[in-house]
$ cat upload_7.pdb   # PDB, C-alpha atoms
MODEL        1
ATOM      1  CA  MET N   1      -6.212 -41.230 -18.525
ATOM      2  CA  ALA N   2      -8.661 -38.926 -16.725
ATOM      3  CA  TRP N   3      -6.640 -39.341 -13.516
ATOM      4  CA  GLN N   4      -3.424 -38.406 -15.348
ATOM      5  CA  TYR N   5      -5.095 -35.383 -16.946
ATOM      6  CA  GLY N   6      -6.371 -34.271 -13.546
ATOM      7  CA  GLY N   7      -2.893 -34.651 -12.096
ATOM      8  CA  VAL N   8      -1.415 -32.464 -14.840
ATOM      9  CA  LEU N   9      -4.036 -29.793 -14.207
ATOM     10  CA  GLU N  10      -3.359 -29.905 -10.474
ATOM     11  CA  LEU N  11       0.392 -29.620 -11.043
ATOM     12  CA  TYR N  12      -0.170 -26.725 -13.438
ATOM     13  CA  SER N  13      -2.298 -24.948 -10.822
ATOM     14  CA  VAL N  14       0.377 -25.423  -8.168
ATOM     15  CA  VAL N  15       3.139 -24.129 -10.463
ATOM     16  CA  THR N  16       1.022 -21.143 -11.525
ATOM     17  CA  ALA N  17       0.243 -20.262  -7.903
ATOM     18  CA  ALA N  18       3.928 -20.603  -6.972
ATOM     19  CA  LEU N  19       4.965 -18.308  -9.824
ATOM     20  CA  GLN N  20       2.378 -15.701  -8.822
ATOM     21  CA  ALA N  21       3.567 -15.886  -5.221
ATOM     22  CA  ALA N  22       7.185 -15.519  -6.349
ATOM     23  CA  LYS N  23       6.324 -12.447  -8.457
ATOM     24  CA  ALA N  24       4.559 -10.880  -5.487
ATOM     25  CA  ILE N  25       7.424 -11.597  -3.075
ATOM     26  CA  VAL N  26      10.229 -10.499  -5.401
ATOM     27  CA  SER N  27       8.417  -7.357  -6.579
ATOM     28  CA  SER N  28       7.583  -6.322  -3.008
ATOM     29  CA  VAL N  29      11.169  -6.895  -1.830
ATOM     30  CA  LEU N  30      12.482  -4.806  -4.716
ATOM     31  CA  MET N  31      10.000  -2.029  -3.952
ATOM     32  CA  ASN N  32      10.977  -2.121  -0.287
ATOM     33  CA  VAL N  33      14.638  -1.723  -1.277
ATOM     34  CA  ALA N  34      13.661   1.270  -3.424
ATOM     35  CA  ILE N  35      11.621   2.920  -0.662
ATOM     36  CA  VAL N  36      14.323   2.365   1.975
ATOM     37  CA  GLY N  37      16.889   3.673  -0.524
ATOM     38  CA  ILE N  38      14.906   6.888  -1.048
ATOM     39  CA  ASN N  39      14.667   7.349   2.695
ATOM     40  CA  GLN N  40      18.399   6.860   3.197
ATOM     41  CA  VAL N  41      19.277   9.319   0.410
ATOM     42  CA  TYR N  42      17.234  12.074   2.063
ATOM     43  CA  ASP N  43      18.249  11.053   5.592
ATOM     44  CA  LYS N  44      21.982  11.104   4.909
ATOM     45  CA  LYS N  45      22.641  14.054   7.238
ATOM     46  CA  LEU N  46      20.524  12.481   9.969
ATOM     47  CA  ASP N  47      22.197   9.118   9.595
ATOM     48  CA  ARG N  48      25.664  10.619   9.954
ATOM     49  CA  VAL N  49      24.636  11.229  13.577
ATOM     50  CA  ASN N  50      22.141   8.422  14.187
ATOM     51  CA  LYS N  51      23.479   5.564  12.058
ATOM     52  CA  PRO N  52      26.986   6.403  10.791
ATOM     53  CA  TYR N  53      27.554   2.774   9.813
ATOM     54  CA  LEU N  54      25.030   2.902   6.936
ATOM     55  CA  PRO N  55      26.548   2.882   3.412
ATOM     56  CA  LEU N  56      25.475   6.427   2.470
ATOM     57  CA  ALA N  57      26.221   7.976   5.855
ATOM     58  CA  SER N  58      29.662   6.359   6.004
ATOM     59  CA  GLY N  59      30.527   7.390   2.450
ATOM     60  CA  ALA N  60      30.859   3.802   1.231
ATOM     61  CA  LEU N  61      28.075   4.499  -1.276
ATOM     62  CA  SER N  62      27.453   7.737  -3.168
ATOM     63  CA  SER N  63      24.015   9.328  -3.541
ATOM     64  CA  ASP N  64      24.178   8.876  -7.334
ATOM     65  CA  THR N  65      24.840   5.154  -6.958
ATOM     66  CA  ALA N  66      22.056   4.843  -4.399
ATOM     67  CA  LEU N  67      19.598   6.630  -6.702
ATOM     68  CA  SER N  68      20.608   4.292  -9.539
ATOM     69  CA  VAL N  69      19.853   1.289  -7.299
ATOM     70  CA  VAL N  70      16.510   2.882  -6.388
ATOM     71  CA  ALA N  71      15.645   3.428 -10.050
ATOM     72  CA  VAL N  72      16.557  -0.125 -11.079
ATOM     73  CA  CYS N  73      14.681  -1.708  -8.165
ATOM     74  CA  THR N  74      11.612   0.448  -8.805
ATOM     75  CA  ALA N  75      11.567  -0.383 -12.509
ATOM     76  CA  CYS N  76      12.055  -4.124 -11.936
ATOM     77  CA  SER N  77       9.377  -4.161  -9.238
ATOM     78  CA  LEU N  78       6.796  -2.425 -11.430
ATOM     79  CA  ILE N  79       7.663  -4.609 -14.431
ATOM     80  CA  LEU N  80       7.075  -7.733 -12.334
ATOM     81  CA  GLY N  81       3.823  -6.208 -11.119
ATOM     82  CA  VAL N  82       2.678  -5.682 -14.713
ATOM     83  CA  LEU N  83       3.823  -9.149 -15.810
ATOM     84  CA  SER N  84       1.888 -10.728 -12.953
ATOM     85  CA  GLY N  85      -1.337  -9.561 -14.580
ATOM     86  CA  SER N  86      -2.589  -8.582 -11.113
ATOM     87  CA  SER N  87      -4.000  -5.066 -10.818
ATOM     88  CA  ALA N  88      -4.150  -5.504  -7.037
ATOM     89  CA  LEU N  89      -0.430  -6.239  -6.778
ATOM     90  CA  LEU N  90       0.442  -3.367  -9.118
ATOM     91  CA  TRP N  91      -1.713  -0.927  -7.150
ATOM     92  CA  ALA N  92      -0.116  -2.076  -3.900
ATOM     93  CA  LEU N  93       3.367  -1.472  -5.318
ATOM     94  CA  VAL N  94       2.526   1.944  -6.776
ATOM     95  CA  LEU N  95       0.720   3.223  -3.671
ATOM     96  CA  SER N  96       3.521   1.998  -1.403
ATOM     97  CA  LEU N  97       6.052   3.835  -3.575
ATOM     98  CA  LEU N  98       4.030   7.058  -3.539
ATOM     99  CA  LEU N  99       3.705   6.995   0.248
ATOM    100  CA  GLY N 100       7.415   6.210   0.546
ATOM    101  CA  ILE N 101       8.152   9.300  -1.561
ATOM    102  CA  VAL N 102       5.906  11.671   0.398
ATOM    103  CA  TYR N 103       7.339  10.273   3.637
ATOM    104  CA  SER N 104      11.005  10.818   2.762
ATOM    105  CA  VAL N 105      11.546  13.329  -0.057
ATOM    106  CA  ASP N 106      12.570  16.792   1.140
ATOM    107  CA  TYR N 107      10.337  18.936  -1.069
ATOM    108  CA  PRO N 108       7.601  21.474  -0.234
ATOM    109  CA  GLY N 109       4.481  19.606   0.871
ATOM    110  CA  LEU N 110       6.383  16.344   1.279
ATOM    111  CA  ARG N 111       8.786  14.990   3.919
ATOM    112  CA  TRP N 112       5.851  13.778   6.007
ATOM    113  CA  LYS N 113       8.232  12.164   8.480
ATOM    114  CA  ARG N 114       8.541  15.611  10.097
ATOM    115  CA  SER N 115       4.980  15.265  11.409
ATOM    116  CA  PRO N 116       4.231  12.440  13.869
ATOM    117  CA  ILE N 117       0.649  12.162  12.612
ATOM    118  CA  LEU N 118       1.527  12.117   8.909
ATOM    119  CA  ALA N 119       4.481   9.773   9.485
ATOM    120  CA  ALA N 120       2.285   7.374  11.464
ATOM    121  CA  SER N 121      -0.371   7.573   8.739
ATOM    122  CA  CYS N 122       2.156   6.511   6.094
ATOM    123  CA  VAL N 123       3.290   3.522   8.143
ATOM    124  CA  LEU N 124      -0.255   2.440   9.001
ATOM    125  CA  ILE N 125      -1.691   2.840   5.514
ATOM    126  CA  VAL N 126       1.094   0.794   3.922
ATOM    127  CA  ARG N 127       1.462  -1.974   6.509
ATOM    128  CA  ALA N 128      -2.119  -2.345   7.729
ATOM    129  CA  VAL N 129      -4.124  -1.554   4.600
ATOM    130  CA  ILE N 130      -2.274  -1.550   1.273
ATOM    131  CA  VAL N 131      -0.142  -4.645   1.888
ATOM    132  CA  GLN N 132      -3.006  -6.638   3.413
ATOM    133  CA  LEU N 133      -5.576  -5.793   0.753
ATOM    134  CA  GLY N 134      -3.148  -5.913  -2.160
ATOM    135  CA  PHE N 135      -1.665  -9.302  -1.389
ATOM    136  CA  PHE N 136      -4.973 -10.834  -0.368
ATOM    137  CA  ALA N 137      -6.626  -9.702  -3.606
ATOM    138  CA  HIS N 138      -3.580 -10.835  -5.596
ATOM    139  CA  ALA N 139      -3.797 -14.307  -4.035
ATOM    140  CA  LEU N 140      -7.472 -14.489  -5.013
ATOM    141  CA  GLY N 141      -6.802 -13.191  -8.525
ATOM    142  CA  ARG N 142      -9.194 -10.278  -7.922
ATOM    143  CA  GLY N 143      -9.063  -6.492  -8.126
ATOM    144  CA  LEU N 144      -7.893  -4.459  -5.156
ATOM    145  CA  LEU N 145     -11.369  -4.221  -3.571
ATOM    146  CA  ASP N 146     -13.212  -6.784  -5.659
ATOM    147  CA  PHE N 147     -13.943  -9.309  -2.894
ATOM    148  CA  HIS N 148     -15.754  -9.794   0.402
ATOM    149  CA  PHE N 149     -13.715  -9.200   3.532
ATOM    150  CA  PRO N 150     -13.411 -12.462   5.513
ATOM    151  CA  LEU N 151     -12.686 -12.516   9.241
ATOM    152  CA  ASN N 152      -9.057 -13.559   8.773
ATOM    153  CA  LEU N 153      -8.417 -10.476   6.624
ATOM    154  CA  TRP N 154     -10.027  -8.223   9.247
ATOM    155  CA  PHE N 155      -7.838  -9.896  11.870
ATOM    156  CA  ALA N 156      -4.708  -9.241   9.792
ATOM    157  CA  ILE N 157      -5.676  -5.602   9.279
ATOM    158  CA  CYS N 158      -6.399  -5.073  12.995
ATOM    159  CA  PHE N 159      -3.211  -6.854  14.067
ATOM    160  CA  MET N 160      -1.056  -4.855  11.657
ATOM    161  CA  THR N 161      -2.788  -1.636  12.722
ATOM    162  CA  VAL N 162      -1.661  -2.199  16.315
ATOM    163  CA  TYR N 163       1.779  -3.319  15.145
ATOM    164  CA  GLY N 164       2.016  -0.317  12.820
ATOM    165  CA  ILE N 165       1.115   2.110  15.615
ATOM    166  CA  VAL N 166       3.911   0.695  17.755
ATOM    167  CA  ILE N 167       6.377   1.025  14.868
ATOM    168  CA  ALA N 168       5.202   4.529  13.965
ATOM    169  CA  LEU N 169       5.456   5.806  17.537
ATOM    170  CA  PHE N 170       8.708   4.199  18.636
ATOM    171  CA  LYS N 171      10.853   3.653  15.534
ATOM    172  CA  ASP N 172      12.523   7.049  16.028
ATOM    173  CA  LEU N 173      13.626   6.543  19.645
ATOM    174  CA  PRO N 174      17.263   5.768  18.665
ATOM    175  CA  ASP N 175      17.355   8.755  16.263
ATOM    176  CA  VAL N 176      16.547  11.635  18.617
ATOM    177  CA  ASP N 177      19.981  13.315  18.429
ATOM    178  CA  GLY N 178      20.127  13.533  14.648
ATOM    179  CA  ASP N 179      16.432  14.380  14.287
ATOM    180  CA  SER N 180      16.771  17.252  16.773
ATOM    181  CA  LYS N 181      19.764  18.721  14.942
ATOM    182  CA  GLN N 182      17.957  18.549  11.577
ATOM    183  CA  ASN N 183      14.663  19.864  13.018
ATOM    184  CA  VAL N 184      12.746  16.682  12.253
ATOM    185  CA  ARG N 185      10.043  16.923  14.920
ATOM    186  CA  THR N 186       9.233  13.266  15.463
ATOM    187  CA  LEU N 187       7.169  12.178  18.451
ATOM    188  CA  SER N 188      10.367  11.100  20.214
ATOM    189  CA  VAL N 189      11.813  14.600  19.774
ATOM    190  CA  ARG N 190       8.596  16.331  20.873
ATOM    191  CA  LEU N 191       7.900  14.226  23.961
ATOM    192  CA  GLY N 192      11.387  13.055  24.868
ATOM    193  CA  VAL N 193      12.783   9.540  25.003
ATOM    194  CA  SER N 194      11.801   8.876  28.633
ATOM    195  CA  LEU N 195       8.126   9.775  28.151
ATOM    196  CA  CYS N 196       7.897   7.781  24.911
ATOM    197  CA  ARG N 197       9.349   4.738  26.629
ATOM    198  CA  ALA N 198       6.910   5.159  29.520
ATOM    199  CA  ILE N 199       3.990   5.276  27.056
ATOM    200  CA  PHE N 200       5.319   2.137  25.356
ATOM    201  CA  VAL N 201       5.503   0.278  28.678
ATOM    202  CA  LEU N 202       1.930   1.302  29.534
TER     203      LEU N 202
ENDMDL
END

$ encode --input "upload_7.pdb" --output "structure tokens"
Amino acid sequence: MAWQYGGVLELYSVVTAALQAAKAIVSSVLMNVAIVGINQVYDKKLDRVNKPYLPLASGALSSDTALSVVAVCTACSLILGVLSGSSALLWALVLSLLLGIVYSVDYPGLRWKRSPILAASCVLIVRAVIVQLGFFAHALGRGLLDFHFPLNLWFAICFMTVYGIVIALFKDLPDVDGDSKQNVRTLSVRLGVSLCRAIFVL
């Protein structure tokens, strides 16, 4: 009887952990769709030059429809974050959304993608810090900073910092033509494609 009871408890723990993992994955995917959607709405003019095949740039999808998708994905993501009962996951979702907004939205004081330093900061903070801390704390069932930092977490943060720097510096290489026309002064526009590629090789 005790063995059967222990087996039920173990199964319950596995199912609970799987559900929490599923909530984290689904909510983060939905939030990523929302953030990418915001970026594409405000980059429509750029994408007509750089990526004319995208739904908004090609006219296959209207801005109103895209904003509706963004709103639904954002709401569903935050609802899942609340239902998870994890403050760490919810904070990770909210902070990622806020940085996605300041990165993309064309409003005074925002549109940080115009500045290489601010754009790189957004990428690094989300990928190397918020995601790592938020998901790690969520897996432990703790608050966002309510735990000791083990070596594997430091490794993940350091690895994603390097990875994030590479993304932040070189993600705009294919977009130089459109960025130049719209006066978006990315690092690729400021330094030129050849120099950026040379830095990447070094």

$ closest_residue --input "upload_7.pdb" --among "N:Gln20, N:Ser194, N:Thr186, N:Thr161" --to "Ser86 in chain N" --atoms "only C-alpha atoms"
N:Gln20

$ atom_distance --input "upload_7.pdb" --atom1 "CA of His138 in chain N" --atom2 "CA of Val70 in chain N"
24.3 Å

$ residues_around --input "upload_7.pdb" --residues "Leu97 in chain N" --least-positions-apart "2" --cutoff "9 Å" --atoms "only C-alpha atoms" --output "JSON list (two decimals) with C-alpha atoms, keeping the file's coordinate frame"
[["chain", "number", "residue", "atom", "x", "y", "z"],
["N", 31, "MET", "CA", 10.00, -2.03, -3.95],
["N", 32, "ASN", "CA", 10.98, -2.12, -0.29],
["N", 34, "ALA", "CA", 13.66, 1.27, -3.42],
["N", 35, "ILE", "CA", 11.62, 2.92, -0.66],
["N", 74, "THR", "CA", 11.61, 0.45, -8.80],
["N", 92, "ALA", "CA", -0.12, -2.08, -3.90],
["N", 93, "LEU", "CA", 3.37, -1.47, -5.32],
["N", 94, "VAL", "CA", 2.53, 1.94, -6.78],
["N", 95, "LEU", "CA", 0.72, 3.22, -3.67],
["N", 99, "LEU", "CA", 3.70, 7.00, 0.25],
["N", 100, "GLY", "CA", 7.42, 6.21, 0.55],
["N", 101, "ILE", "CA", 8.15, 9.30, -1.56],
["N", 102, "VAL", "CA", 5.91, 11.67, 0.40]]

$ closest_residue --input "upload_7.pdb" --among "N:Ala66, N:Val105, N:Val72, N:Val14" --to "Asn39 in chain N" --atoms "all atoms listed in the file"
N:Val105

$ resolve_selection --input "upload_7.pdb" --expression "the PyMOL selection byres ((chain N and resi 25) around 12)" --output "PDB file with C-alpha atoms, in the frame of the given file"
ATOM      1  CA  ALA N  18       3.928 -20.603  -6.972  1.00  0.00           C
ATOM      2  CA  LEU N  19       4.965 -18.308  -9.824  1.00  0.00           C
ATOM      3  CA  GLN N  20       2.378 -15.701  -8.822  1.00  0.00           C
ATOM      4  CA  ALA N  21       3.567 -15.886  -5.221  1.00  0.00           C
ATOM      5  CA  ALA N  22       7.185 -15.519  -6.349  1.00  0.00           C
ATOM      6  CA  LYS N  23       6.324 -12.447  -8.457  1.00  0.00           C
ATOM      7  CA  ALA N  24       4.559 -10.880  -5.487  1.00  0.00           C
ATOM      8  CA  VAL N  26      10.229 -10.499  -5.401  1.00  0.00           C
ATOM      9  CA  SER N  27       8.417  -7.357  -6.579  1.00  0.00           C
ATOM     10  CA  SER N  28       7.583  -6.322  -3.008  1.00  0.00           C
ATOM     11  CA  VAL N  29      11.169  -6.895  -1.830  1.00  0.00           C
ATOM     12  CA  LEU N  30      12.482  -4.806  -4.716  1.00  0.00           C
ATOM     13  CA  MET N  31      10.000  -2.029  -3.952  1.00  0.00           C
ATOM     14  CA  ASN N  32      10.977  -2.121  -0.287  1.00  0.00           C
ATOM     15  CA  SER N  77       9.377  -4.161  -9.238  1.00  0.00           C
ATOM     16  CA  LEU N  80       7.075  -7.733 -12.334  1.00  0.00           C
ATOM     17  CA  GLY N  81       3.823  -6.208 -11.119  1.00  0.00           C
ATOM     18  CA  SER N  84       1.888 -10.728 -12.953  1.00  0.00           C
ATOM     19  CA  LEU N  89      -0.430  -6.239  -6.778  1.00  0.00           C
ATOM     20  CA  LEU N  93       3.367  -1.472  -5.318  1.00  0.00           C
ATOM     21  CA  VAL N 131      -0.142  -4.645   1.888  1.00  0.00           C
ATOM     22  CA  PHE N 135      -1.665  -9.302  -1.389  1.00  0.00           C
ATOM     23  CA  HIS N 138      -3.580 -10.835  -5.596  1.00  0.00           C
ATOM     24  CA  ALA N 139      -3.797 -14.307  -4.035  1.00  0.00           C
TER      25      ALA N 139
END

$ resolve_selection --input "upload_7.pdb" --expression "the PyMOL selection byres ((chain N and resi 112) around 12)" --output "JSON, numbers by chain"
{"N": [39, 98, 99, 100, 101, 102, 103, 104, 105, 106, 107, 108, 109, 110, 111, 113, 114, 115, 116, 117, 118, 119, 120, 121, 122, 123, 184, 185, 186]}

$ write_last_selection --input "upload_7.pdb" --atoms "C-alpha atoms" --output "PDB file, keeping the file's coordinate frame"
ATOM      1  CA  ASN N  39      14.667   7.349   2.695  1.00  0.00           C
ATOM      2  CA  LEU N  98       4.030   7.058  -3.539  1.00  0.00           C
ATOM      3  CA  LEU N  99       3.705   6.995   0.248  1.00  0.00           C
ATOM      4  CA  GLY N 100       7.415   6.210   0.546  1.00  0.00           C
ATOM      5  CA  ILE N 101       8.152   9.300  -1.561  1.00  0.00           C
ATOM      6  CA  VAL N 102       5.906  11.671   0.398  1.00  0.00           C
ATOM      7  CA  TYR N 103       7.339  10.273   3.637  1.00  0.00           C
ATOM      8  CA  SER N 104      11.005  10.818   2.762  1.00  0.00           C
ATOM      9  CA  VAL N 105      11.546  13.329  -0.057  1.00  0.00           C
ATOM     10  CA  ASP N 106      12.570  16.792   1.140  1.00  0.00           C
ATOM     11  CA  TYR N 107      10.337  18.936  -1.069  1.00  0.00           C
ATOM     12  CA  PRO N 108       7.601  21.474  -0.234  1.00  0.00           C
ATOM     13  CA  GLY N 109       4.481  19.606   0.871  1.00  0.00           C
ATOM     14  CA  LEU N 110       6.383  16.344   1.279  1.00  0.00           C
ATOM     15  CA  ARG N 111       8.786  14.990   3.919  1.00  0.00           C
ATOM     16  CA  LYS N 113       8.232  12.164   8.480  1.00  0.00           C
ATOM     17  CA  ARG N 114       8.541  15.611  10.097  1.00  0.00           C
ATOM     18  CA  SER N 115       4.980  15.265  11.409  1.00  0.00           C
ATOM     19  CA  PRO N 116       4.231  12.440  13.869  1.00  0.00           C
ATOM     20  CA  ILE N 117       0.649  12.162  12.612  1.00  0.00           C
ATOM     21  CA  LEU N 118       1.527  12.117   8.909  1.00  0.00           C
ATOM     22  CA  ALA N 119       4.481   9.773   9.485  1.00  0.00           C
ATOM     23  CA  ALA N 120       2.285   7.374  11.464  1.00  0.00           C
ATOM     24  CA  SER N 121      -0.371   7.573   8.739  1.00  0.00           C
ATOM     25  CA  CYS N 122       2.156   6.511   6.094  1.00  0.00           C
ATOM     26  CA  VAL N 123       3.290   3.522   8.143  1.00  0.00           C
ATOM     27  CA  VAL N 184      12.746  16.682  12.253  1.00  0.00           C
ATOM     28  CA  ARG N 185      10.043  16.923  14.920  1.00  0.00           C
ATOM     29  CA  THR N 186       9.233  13.266  15.463  1.00  0.00           C
TER      30      THR N 186
END
